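Structure below is data.txt: compact mmCIF, C-alpha atoms.
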# COMPACT_ATOMS: atom_id res chain seq x y z
CA MET A 160 103.44 71.64 104.69
CA ARG A 161 102.66 72.96 101.20
CA SER A 162 102.61 76.60 102.26
CA ASN A 163 102.25 79.38 99.69
CA VAL A 164 102.33 82.43 101.94
CA ASN A 165 103.55 85.88 100.88
CA ALA A 166 104.03 88.63 103.47
CA VAL A 167 104.00 92.30 102.44
CA VAL A 168 105.69 94.62 104.93
CA GLY A 169 106.73 98.26 105.04
CA ILE A 170 110.47 98.83 105.25
CA GLN A 171 110.48 102.57 105.92
CA TRP A 172 108.39 104.73 108.30
CA GLY A 173 105.01 103.71 106.85
CA ASP A 174 103.05 105.10 103.87
CA GLU A 175 105.32 103.19 101.47
CA GLY A 176 102.52 102.15 99.11
CA LYS A 177 101.73 98.75 100.62
CA GLY A 178 98.03 98.98 99.72
CA ARG A 179 98.91 99.47 96.08
CA ILE A 180 101.15 96.37 96.09
CA VAL A 181 98.69 94.23 98.09
CA ASP A 182 95.87 95.22 95.73
CA TYR A 183 97.99 94.00 92.81
CA LEU A 184 99.08 90.75 94.49
CA ALA A 185 95.58 90.07 95.85
CA GLN A 186 94.27 89.50 92.35
CA ASP A 187 95.96 86.12 92.58
CA ALA A 188 95.42 85.45 96.30
CA GLU A 189 92.84 83.20 97.92
CA ILE A 190 93.11 84.76 101.39
CA VAL A 191 94.35 88.23 102.41
CA ILE A 192 95.02 88.73 106.12
CA ARG A 193 95.49 92.11 107.78
CA PHE A 194 97.72 91.10 110.68
CA GLN A 195 98.26 94.17 112.92
CA GLY A 196 97.40 97.79 113.56
CA GLY A 197 94.14 99.69 113.55
CA ASP A 198 92.51 102.49 111.60
CA ASN A 199 95.26 104.99 112.47
CA ALA A 200 96.89 104.72 109.05
CA GLY A 201 95.44 104.20 105.60
CA HIS A 202 96.26 102.31 102.44
CA THR A 203 95.43 104.03 99.17
CA VAL A 204 94.13 101.64 96.52
CA ILE A 205 93.38 102.80 92.97
CA ASN A 206 91.81 100.36 90.53
CA GLU A 207 89.12 100.26 87.85
CA MET A 208 86.47 100.83 90.55
CA GLY A 209 87.97 104.12 91.76
CA ARG A 210 90.26 105.51 94.42
CA PHE A 211 89.85 104.22 97.98
CA GLY A 212 91.48 104.99 101.32
CA LEU A 213 91.32 101.81 103.39
CA HIS A 214 91.99 102.05 107.11
CA ILE A 215 91.05 98.66 108.55
CA LEU A 216 89.69 96.56 105.69
CA PRO A 217 92.29 94.37 103.95
CA SER A 218 93.32 95.60 100.51
CA GLY A 219 92.10 92.36 98.91
CA ILE A 220 88.42 93.21 99.26
CA PHE A 221 88.07 94.24 95.62
CA ASN A 222 88.57 90.63 94.53
CA SER A 223 85.25 88.95 95.32
CA GLU A 224 86.93 85.54 95.10
CA THR A 225 89.35 86.40 97.92
CA MET A 226 88.62 85.80 101.59
CA ASN A 227 89.66 88.84 103.64
CA ILE A 228 90.50 88.49 107.32
CA VAL A 229 91.06 91.17 109.95
CA SER A 230 93.07 89.03 112.32
CA ALA A 231 93.76 88.72 116.04
CA GLY A 232 96.78 91.03 115.93
CA THR A 233 94.64 94.01 114.93
CA VAL A 234 92.55 96.42 116.97
CA VAL A 235 89.21 97.16 115.35
CA ASN A 236 87.01 100.23 115.37
CA PHE A 237 83.73 98.84 114.09
CA ASP A 238 82.39 102.35 113.37
CA THR A 239 85.28 102.90 110.93
CA MET A 240 84.80 99.47 109.40
CA LEU A 241 81.07 100.03 108.93
CA LYS A 242 81.70 103.39 107.23
CA GLU A 243 84.29 101.87 104.88
CA MET A 244 82.08 98.94 103.97
CA LYS A 245 79.12 101.23 103.30
CA ASP A 246 81.23 103.44 101.01
CA ILE A 247 82.53 100.47 99.01
CA ARG A 248 79.09 98.87 98.72
CA GLU A 249 77.59 102.11 97.42
CA ARG A 250 80.39 102.89 94.99
CA CYS A 251 81.21 99.41 93.74
CA GLY A 252 78.12 97.31 94.33
CA LEU A 253 80.18 94.71 96.20
CA GLU A 254 78.40 92.67 98.86
CA LEU A 255 81.53 92.33 101.02
CA ASP A 256 80.42 88.99 102.38
CA ASN A 257 84.08 87.97 101.99
CA VAL A 258 85.24 90.04 105.00
CA PHE A 259 85.76 88.35 108.39
CA ILE A 260 87.07 89.41 111.79
CA ASP A 261 88.88 87.00 114.06
CA GLU A 262 87.02 86.62 117.33
CA ARG A 263 90.25 87.35 119.23
CA ALA A 264 90.70 90.85 117.73
CA HIS A 265 90.47 93.61 120.33
CA LEU A 266 87.93 96.41 119.91
CA ILE A 267 88.60 100.13 120.01
CA MET A 268 86.00 101.49 122.41
CA PRO A 269 84.76 105.12 122.55
CA TYR A 270 86.86 105.85 125.65
CA HIS A 271 90.05 104.75 123.89
CA CYS A 272 89.76 107.55 121.32
CA LEU A 273 89.15 110.21 123.98
CA LEU A 274 92.07 109.04 126.10
CA ASP A 275 94.41 108.84 123.12
CA GLY A 276 93.97 112.52 122.30
CA ALA A 277 94.17 113.59 125.95
CA GLU A 278 97.40 111.71 126.62
CA GLU A 279 99.06 113.15 123.51
CA GLY A 280 97.97 116.65 124.53
CA LYS A 281 99.75 116.29 127.89
CA ARG A 282 103.12 115.51 126.30
CA ASP A 283 105.86 118.08 125.87
CA GLU A 284 106.25 119.19 122.22
CA SER A 285 109.59 117.39 121.90
CA GLN A 286 108.03 114.15 123.15
CA LYS A 287 104.85 114.07 121.06
CA ILE A 288 104.46 110.74 119.29
CA GLY A 289 102.28 112.07 116.48
CA THR A 290 99.30 109.85 117.27
CA THR A 291 96.26 110.15 115.03
CA LYS A 292 94.09 109.99 118.18
CA ARG A 293 92.18 106.97 116.88
CA GLY A 294 92.47 105.09 120.17
CA VAL A 295 94.90 102.47 118.86
CA GLY A 296 97.58 102.90 121.54
CA PRO A 297 95.15 102.84 124.49
CA CYS A 298 93.43 99.77 123.02
CA TYR A 299 96.73 97.88 122.77
CA THR A 300 97.50 99.04 126.33
CA ASP A 301 94.29 97.40 127.55
CA LYS A 302 95.16 94.29 125.58
CA ALA A 303 98.53 94.02 127.33
CA ALA A 304 96.88 94.75 130.68
CA ARG A 305 94.36 91.96 129.99
CA ILE A 306 91.31 94.17 130.40
CA GLY A 307 90.45 94.60 126.72
CA ILE A 308 87.17 93.87 124.98
CA ARG A 309 87.43 91.39 122.08
CA ALA A 310 85.20 90.74 119.11
CA CYS A 311 84.03 87.45 120.64
CA ASP A 312 82.69 89.36 123.66
CA LEU A 313 80.05 90.93 121.42
CA LEU A 314 78.56 87.48 120.89
CA ASP A 315 78.07 86.80 124.63
CA GLU A 316 76.08 89.62 126.24
CA ASP A 317 76.43 88.37 129.82
CA ARG A 318 80.21 88.07 129.49
CA LEU A 319 80.40 91.48 127.81
CA GLU A 320 78.43 93.14 130.59
CA LYS A 321 80.66 91.59 133.28
CA ARG A 322 83.85 92.73 131.56
CA LEU A 323 82.59 96.26 130.93
CA SER A 324 81.36 96.52 134.53
CA MET A 325 84.82 95.51 135.71
CA LEU A 326 86.79 98.04 133.67
CA LEU A 327 84.40 100.99 133.41
CA PRO A 328 85.14 102.53 136.87
CA LYS A 329 88.84 102.77 136.00
CA LYS A 330 88.15 104.18 132.54
CA ASN A 331 85.82 106.81 133.96
CA ARG A 332 88.45 107.80 136.54
CA ASP A 333 90.98 108.24 133.75
CA LEU A 334 88.51 110.30 131.72
CA GLU A 335 87.69 112.48 134.73
CA TYR A 336 91.41 113.12 135.28
CA TYR A 337 91.59 114.71 131.83
CA GLY A 338 88.31 116.56 132.28
CA LEU A 339 86.54 114.43 129.67
CA ARG A 340 83.05 113.00 129.54
CA THR A 341 82.47 109.64 131.18
CA PHE A 342 80.39 106.69 129.99
CA THR A 343 77.57 104.66 131.49
CA LEU A 344 77.38 100.90 131.22
CA LYS A 345 74.15 101.26 129.24
CA GLU A 346 75.81 103.54 126.66
CA LEU A 347 78.58 101.06 126.01
CA MET A 348 76.25 98.05 125.96
CA ASP A 349 74.02 99.82 123.43
CA LYS A 350 77.03 100.63 121.26
CA CYS A 351 78.19 97.01 121.38
CA ARG A 352 74.70 95.74 120.52
CA SER A 353 74.67 97.95 117.42
CA TRP A 354 78.03 96.48 116.39
CA ARG A 355 76.75 92.95 116.98
CA LEU A 356 73.78 93.55 114.69
CA GLU A 357 76.12 94.64 111.91
CA PHE A 358 79.05 92.26 112.36
CA ALA A 359 77.99 89.10 114.22
CA ASN A 360 77.99 87.07 110.98
CA HIS A 361 81.50 88.32 110.15
CA ILE A 362 83.12 87.33 113.48
CA ILE A 363 84.68 83.87 113.29
CA ASP A 364 87.49 81.72 114.66
CA THR A 365 89.97 82.03 111.78
CA VAL A 366 92.45 79.40 113.01
CA PRO A 367 90.85 76.36 111.28
CA VAL A 368 90.38 78.33 108.05
CA VAL A 369 93.90 79.76 107.97
CA ARG A 370 95.55 76.51 109.02
CA ASP A 371 93.75 74.59 106.28
CA ALA A 372 94.75 77.22 103.73
CA VAL A 373 98.42 77.12 104.80
CA GLU A 374 98.68 73.33 104.95
CA SER A 375 96.85 72.79 101.65
CA GLY A 376 99.02 75.29 99.77
CA LYS A 377 96.43 77.97 99.10
CA LYS A 378 97.74 81.41 98.15
CA VAL A 379 97.77 83.50 101.32
CA LEU A 380 98.79 87.17 101.42
CA LEU A 381 99.70 88.89 104.70
CA GLU A 382 99.20 92.65 104.87
CA GLY A 383 100.76 94.89 107.51
CA GLN A 384 100.26 98.53 108.41
CA LEU A 385 102.98 101.16 108.83
CA GLY A 386 106.65 100.14 108.55
CA ILE A 387 109.46 98.71 110.65
CA MET A 388 110.69 102.13 111.73
CA ARG A 389 107.41 102.41 113.68
CA ASP A 390 107.74 98.92 115.18
CA ASN A 391 107.27 98.91 118.95
CA ASP A 392 110.43 96.84 119.52
CA TRP A 393 112.76 97.61 116.61
CA GLY A 394 111.58 101.05 115.52
CA ILE A 395 112.21 104.59 116.75
CA TYR A 396 110.74 104.01 120.22
CA PRO A 397 108.84 105.78 121.75
CA TYR A 398 107.69 107.36 118.46
CA THR A 399 106.21 104.06 117.39
CA THR A 400 102.97 102.25 116.89
CA SER A 401 101.84 99.80 119.58
CA SER A 402 102.28 96.60 117.59
CA ASN A 403 104.78 94.89 115.28
CA PRO A 404 104.49 95.63 111.53
CA THR A 405 107.25 93.13 110.73
CA VAL A 406 107.31 89.58 109.40
CA ALA A 407 107.59 88.35 112.98
CA GLY A 408 104.48 90.39 113.75
CA ALA A 409 102.77 88.84 110.73
CA CYS A 410 103.29 85.34 112.10
CA ASN A 411 101.96 86.27 115.50
CA GLY A 412 99.13 88.50 114.35
CA ALA A 413 97.83 86.20 111.62
CA GLY A 414 98.34 82.93 113.49
CA ILE A 415 100.80 81.44 110.99
CA PRO A 416 104.03 79.57 111.85
CA ALA A 417 107.25 81.23 110.73
CA LYS A 418 108.23 78.30 108.51
CA ALA A 419 105.04 78.77 106.47
CA ILE A 420 106.10 82.15 105.04
CA ASN A 421 107.98 81.47 101.83
CA ARG A 422 108.07 84.96 100.28
CA VAL A 423 108.60 88.36 101.90
CA CYS A 424 108.02 91.51 99.88
CA GLY A 425 109.35 94.72 101.41
CA VAL A 426 107.74 97.91 100.14
CA MET A 427 109.58 101.21 100.02
CA LYS A 428 109.39 104.47 98.12
CA ALA A 429 112.12 105.61 95.75
CA TYR A 430 112.60 108.42 98.28
CA SER A 431 111.23 108.45 101.84
CA THR A 432 108.45 109.97 103.93
CA SER A 433 107.38 109.94 107.55
CA VAL A 434 104.29 110.98 109.47
CA GLY A 435 104.53 111.55 113.21
CA GLY A 436 107.32 112.40 115.58
CA GLY A 437 110.80 111.04 116.08
CA PRO A 438 114.12 111.08 114.23
CA TYR A 439 114.10 110.98 110.44
CA MET A 440 117.65 111.42 109.23
CA THR A 441 117.16 112.40 105.58
CA GLU A 442 114.29 114.85 106.12
CA LEU A 443 114.43 117.84 103.77
CA PHE A 444 113.35 121.34 104.76
CA ASP A 445 114.14 122.93 101.41
CA LYS A 446 112.53 123.22 97.98
CA ASP A 447 113.40 119.60 97.14
CA GLY A 448 111.43 118.41 100.15
CA GLU A 449 108.42 120.50 99.18
CA LYS A 450 108.72 119.34 95.57
CA LEU A 451 108.64 115.70 96.69
CA ARG A 452 105.57 116.44 98.81
CA GLN A 453 103.64 118.17 96.05
CA ILE A 454 104.49 115.82 93.16
CA GLY A 455 104.09 112.73 95.36
CA GLY A 456 100.83 113.92 96.91
CA GLU A 457 102.39 113.30 100.31
CA PHE A 458 99.49 113.97 102.63
CA GLY A 459 98.21 111.40 105.12
CA VAL A 460 95.33 109.14 104.01
CA THR A 461 93.86 109.20 107.53
CA THR A 462 94.57 112.75 108.72
CA GLY A 463 95.47 114.76 105.62
CA ARG A 464 98.63 115.89 107.44
CA PRO A 465 101.57 116.88 105.21
CA ARG A 466 104.13 114.09 105.34
CA ARG A 467 107.75 114.77 106.16
CA CYS A 468 109.74 114.13 102.97
CA GLY A 469 113.37 113.26 102.32
CA TRP A 470 115.83 111.29 100.24
CA LEU A 471 116.07 107.51 100.33
CA ASP A 472 117.86 106.17 103.41
CA LEU A 473 119.68 102.99 102.43
CA VAL A 474 121.08 102.46 105.93
CA ALA A 475 117.58 102.23 107.39
CA ALA A 476 116.43 100.15 104.40
CA ASP A 477 119.28 97.68 104.84
CA TYR A 478 118.33 97.27 108.50
CA ALA A 479 114.69 96.71 107.48
CA CYS A 480 115.56 94.12 104.83
CA TYR A 481 117.65 92.15 107.33
CA MET A 482 115.11 92.27 110.15
CA ASN A 483 112.30 91.15 107.84
CA GLY A 484 114.23 88.69 105.68
CA VAL A 485 113.07 90.57 102.59
CA MET A 486 113.32 88.57 99.35
CA ASP A 487 111.63 90.99 96.95
CA ILE A 488 111.54 94.78 97.06
CA ALA A 489 108.60 96.73 95.69
CA LEU A 490 109.92 100.20 94.84
CA THR A 491 107.05 102.67 94.62
CA LYS A 492 106.70 106.21 93.25
CA LEU A 493 109.77 106.10 91.01
CA ASP A 494 107.96 108.55 88.72
CA VAL A 495 107.98 111.23 91.44
CA LEU A 496 111.74 111.61 90.83
CA ASP A 497 111.35 112.19 87.07
CA THR A 498 112.12 115.94 87.21
CA PHE A 499 114.99 115.99 89.73
CA LYS A 500 118.36 116.84 88.18
CA THR A 501 120.18 115.38 91.15
CA ILE A 502 118.95 112.56 93.39
CA LYS A 503 120.60 111.70 96.67
CA VAL A 504 120.66 108.54 98.77
CA CYS A 505 121.95 108.20 102.31
CA THR A 506 124.72 105.60 102.63
CA GLY A 507 125.89 106.29 106.20
CA TYR A 508 125.61 108.63 109.18
CA ASN A 509 127.92 111.02 110.96
CA ILE A 510 127.10 110.90 114.68
CA GLU A 511 129.19 113.26 116.78
CA GLY A 512 132.14 112.83 114.42
CA GLU A 513 131.90 109.04 114.20
CA TYR A 514 130.90 107.19 111.02
CA TYR A 515 128.02 104.73 111.26
CA SER A 516 127.25 102.26 108.50
CA TYR A 517 124.39 100.71 110.46
CA LEU A 518 121.19 102.00 112.06
CA PRO A 519 121.68 102.78 115.77
CA GLU A 520 119.08 103.19 118.53
CA THR A 521 116.72 106.19 118.64
CA ARG A 522 118.80 108.52 120.84
CA LEU A 523 121.73 108.30 118.39
CA GLN A 524 119.47 108.64 115.37
CA GLU A 525 118.40 111.98 116.83
CA LYS A 526 122.02 113.16 116.50
CA ALA A 527 122.74 111.59 113.10
CA LYS A 528 123.70 113.60 110.03
CA PRO A 529 123.21 111.79 106.71
CA ILE A 530 126.13 111.05 104.39
CA TYR A 531 124.91 111.15 100.79
CA GLU A 532 125.82 109.65 97.45
CA GLU A 533 124.51 111.57 94.44
CA PHE A 534 122.94 110.25 91.24
CA GLU A 535 122.16 112.04 88.01
CA GLY A 536 118.43 112.34 87.44
CA TRP A 537 116.93 110.98 84.24
CA MET A 538 114.80 114.08 83.56
CA CYS A 539 112.13 112.33 81.51
CA PRO A 540 108.77 110.68 82.31
CA THR A 541 108.65 107.07 83.47
CA SER A 542 104.88 106.77 84.02
CA GLY A 543 104.38 105.06 80.68
CA ALA A 544 107.01 102.37 81.28
CA ARG A 545 105.70 98.81 81.59
CA ARG A 546 108.95 96.87 81.12
CA TRP A 547 112.42 97.22 82.59
CA GLU A 548 113.70 98.07 79.13
CA ASP A 549 111.31 101.04 78.95
CA LEU A 550 113.02 102.82 81.85
CA PRO A 551 115.71 105.44 81.13
CA ASP A 552 119.29 104.24 81.63
CA LYS A 553 119.82 106.57 84.59
CA ALA A 554 116.67 105.28 86.29
CA GLN A 555 117.94 101.72 85.80
CA LYS A 556 121.30 102.73 87.27
CA TYR A 557 119.54 104.17 90.33
CA ILE A 558 117.51 101.01 90.90
CA LEU A 559 120.52 98.72 90.41
CA ALA A 560 122.47 100.77 92.97
CA ILE A 561 119.64 100.20 95.47
CA GLU A 562 119.74 96.47 94.73
CA LYS A 563 123.49 96.33 95.24
CA ALA A 564 123.37 98.25 98.52
CA LEU A 565 120.58 96.10 99.96
CA GLY A 566 121.57 92.76 98.45
CA THR A 567 117.92 92.25 97.55
CA ARG A 568 116.19 92.17 94.18
CA VAL A 569 113.88 95.03 93.19
CA THR A 570 111.14 92.88 91.72
CA TYR A 571 108.30 95.41 91.46
CA ILE A 572 108.68 99.02 90.28
CA SER A 573 105.71 101.34 90.53
CA VAL A 574 105.63 104.27 88.11
CA GLY A 575 102.15 105.57 88.95
CA PRO A 576 99.10 104.92 91.10
CA GLU A 577 97.07 102.88 88.61
CA ARG A 578 97.09 99.10 88.97
CA ASP A 579 98.75 98.62 85.57
CA GLN A 580 101.52 101.17 86.21
CA LEU A 581 103.74 98.47 87.60
CA ILE A 582 106.86 96.90 86.17
CA VAL A 583 107.42 93.30 87.24
CA ARG A 584 110.97 92.05 86.72

The structure given in the file should be rewritten as structure tokens.
Amino acid sequence: MRSNVNAVVGIQWGDEGKGRIVDYLAQDAEIVIRFQGGDNAGHTVINEMGRFGLHILPSGIFNSETMNIVSAGTVVNFDTMLKEMKDIRERCGLELDNVFIDERAHLIMPYHCLLDGAEEGKRDESQKIGTTKRGVGPCYTDKAARIGIRACDLLDEDRLEKRLSMLLPKKNRDLEYYGLRTFTLKELMDKCRSWRLEFANHIIDTVPVVRDAVESGKKVLLEGQLGIMRDNDWGIYPYTTSSNPTVAGACNGAGIPAKAINRVCGVMKAYSTSVGGGPYMTELFDKDGEKLRQIGGEFGVTTGRPRRCGWLDLVAADYACYMNGVMDIALTKLDVLDTFKTIKVCTGYNIEGEYYSYLPETRLQEKAKPIYEEFEGWMCPTSGARRWEDLPDKAQKYILAIEKALGTRVTYISVGPERDQLIVR
């Protein structure tokens, strides 16, 4: 096998800047595969065509020579996809005939979105997950329960009608329980027909294409959504997403054997952020936290919600690098720290008087107090740096300390949102 596969994964709580890194790496990729998640989180991409918030389309779409696949591990809202494609066509003049959806991908139906918001509303404040109410969780629930609707069902009207007829009574009972509107079979069939008209030519079996690409050594880039701390198995359950934004999830979601992945790039900010509920040990509630939010523009791409901001957590990052087998780190938003006199990083936790050097399970994270190491800030702009040598000595010291703690090379350093504001070591 002559594989040439690079996986890009988030190694914090999500919103690490993966879209920015994938956009850069996709300029040299032949296939980009979005392997999990739905339109509940966005990737911001800024290039010569403008600024874009992508929610379901792979971040390689701006390279017309790259094939972009929304794979079986995802859940797809075709209304969102249609809106995104229309926006990009109008602004960039791209045809987007290089976008394909695997026929096995599950579809987010109108009832999923209604149920998502209703279920979140019923939870006690302390137990709220922080869902964006995009229907992603309920869609994955139907997938696991084997009653979901897949992209391939759009292409077979008789099969689609049988499956919708089977599940609709239950969905309407659930909707009635929450006092929500119900759906008729005709409504849902009409909605699916409109999707088929728009996307039938984009729905394919990706296995032969991806297998040929992997075995012939084509450059394949795997793009995840969110980060490992929101992983449904290894994250801060139950404050997680409903899929696996890890390298293991990439293999499963994209249909690629584990041995084919020969590079893993873990993306993390030079500080940290989180959107949604659950423990977040280094969260700041002071002026430093607000300063990070304002300078970093830390507001959700999908919802506009202010992100929770804090210092870099090296304990969580070390866990993430191990679980994902990270070989290269992409450190984003270093420039946000340019005006901080003192910068802190978490190197351990105090949990009920006991020292922890590793990341424990959620219930103990909720009790954890961060133990910090302090660094002197460099107090000068880094946004113009394009080489390692251009960075201030104190910024280099900070990055090298991260490398030492994680045992992983910081290969990419982002000092701004533009595509060229990237140092490659």

Which centre and edge lengths in Å to one decimal define the box along x, y and z that fits every listed atom of stretch 346-361 of chain A plus 3 Å per side, as lines of an AutoDock Vina configuration file?
center_x = 77.6
center_y = 95.3
center_z = 118.4
size_x = 13.7
size_y = 22.5
size_z = 22.5

For a cutoff of 7 Å around the file-coordinate point (118.4, 95.6, 113.9), which residues qualify once you count only C-alpha atoms? I'd like the result as a PyMOL selection string. chain A and resi 393+478+482

Can those selected residues be exported to a file as a CSV table (one decimal), keeping the file's coordinate frame so that it contains C-alpha atoms?
chain,number,residue,atom,x,y,z
A,393,TRP,CA,112.8,97.6,116.6
A,478,TYR,CA,118.3,97.3,108.5
A,482,MET,CA,115.1,92.3,110.2

Grab the atom CA of A:Asp315 to atom CA of A:Asp238 distance for me, in Å with one decimal place. 19.7 Å

Nearest to A:Ile362 by atom-to-atom distance, counting only C-alpha atoms, from A:Ala188, A:Leu380, A:Ala231, A:Cys505: A:Ala231

So which residues touch A:Gly469 within 12 Å, counting all atoms listed in the file, skipping near sequence neighbours fewer than 6 positions away, as a PyMOL selection string? chain A and resi 171-172+428-434+439-452+455+457+496+502-505+529+531

The selected residues should be written to file as a short mmCIF file (atom, residue, chain, number, x, y, z; two decimals), keeping the file's coordinate frame (atoms: C-alpha atoms).
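Done, and the output landed in out-v6.cif:
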data_model
loop_
_atom_site.label_atom_id
_atom_site.label_comp_id
_atom_site.auth_asym_id
_atom_site.auth_seq_id
_atom_site.Cartn_x
_atom_site.Cartn_y
_atom_site.Cartn_z
CA GLN A 171 110.48 102.57 105.92
CA TRP A 172 108.39 104.73 108.30
CA LYS A 428 109.39 104.47 98.12
CA ALA A 429 112.12 105.61 95.75
CA TYR A 430 112.60 108.42 98.28
CA SER A 431 111.23 108.45 101.84
CA THR A 432 108.45 109.97 103.93
CA SER A 433 107.38 109.94 107.55
CA VAL A 434 104.29 110.98 109.47
CA TYR A 439 114.10 110.98 110.44
CA MET A 440 117.65 111.42 109.23
CA THR A 441 117.16 112.40 105.58
CA GLU A 442 114.29 114.85 106.12
CA LEU A 443 114.43 117.84 103.77
CA PHE A 444 113.35 121.34 104.76
CA ASP A 445 114.14 122.93 101.41
CA LYS A 446 112.53 123.22 97.98
CA ASP A 447 113.40 119.60 97.14
CA GLY A 448 111.43 118.41 100.15
CA GLU A 449 108.42 120.50 99.18
CA LYS A 450 108.72 119.34 95.57
CA LEU A 451 108.64 115.70 96.69
CA ARG A 452 105.57 116.44 98.81
CA GLY A 455 104.09 112.73 95.36
CA GLU A 457 102.39 113.30 100.31
CA LEU A 496 111.74 111.61 90.83
CA ILE A 502 118.95 112.56 93.39
CA LYS A 503 120.60 111.70 96.67
CA VAL A 504 120.66 108.54 98.77
CA CYS A 505 121.95 108.20 102.31
CA PRO A 529 123.21 111.79 106.71
CA TYR A 531 124.91 111.15 100.79
#
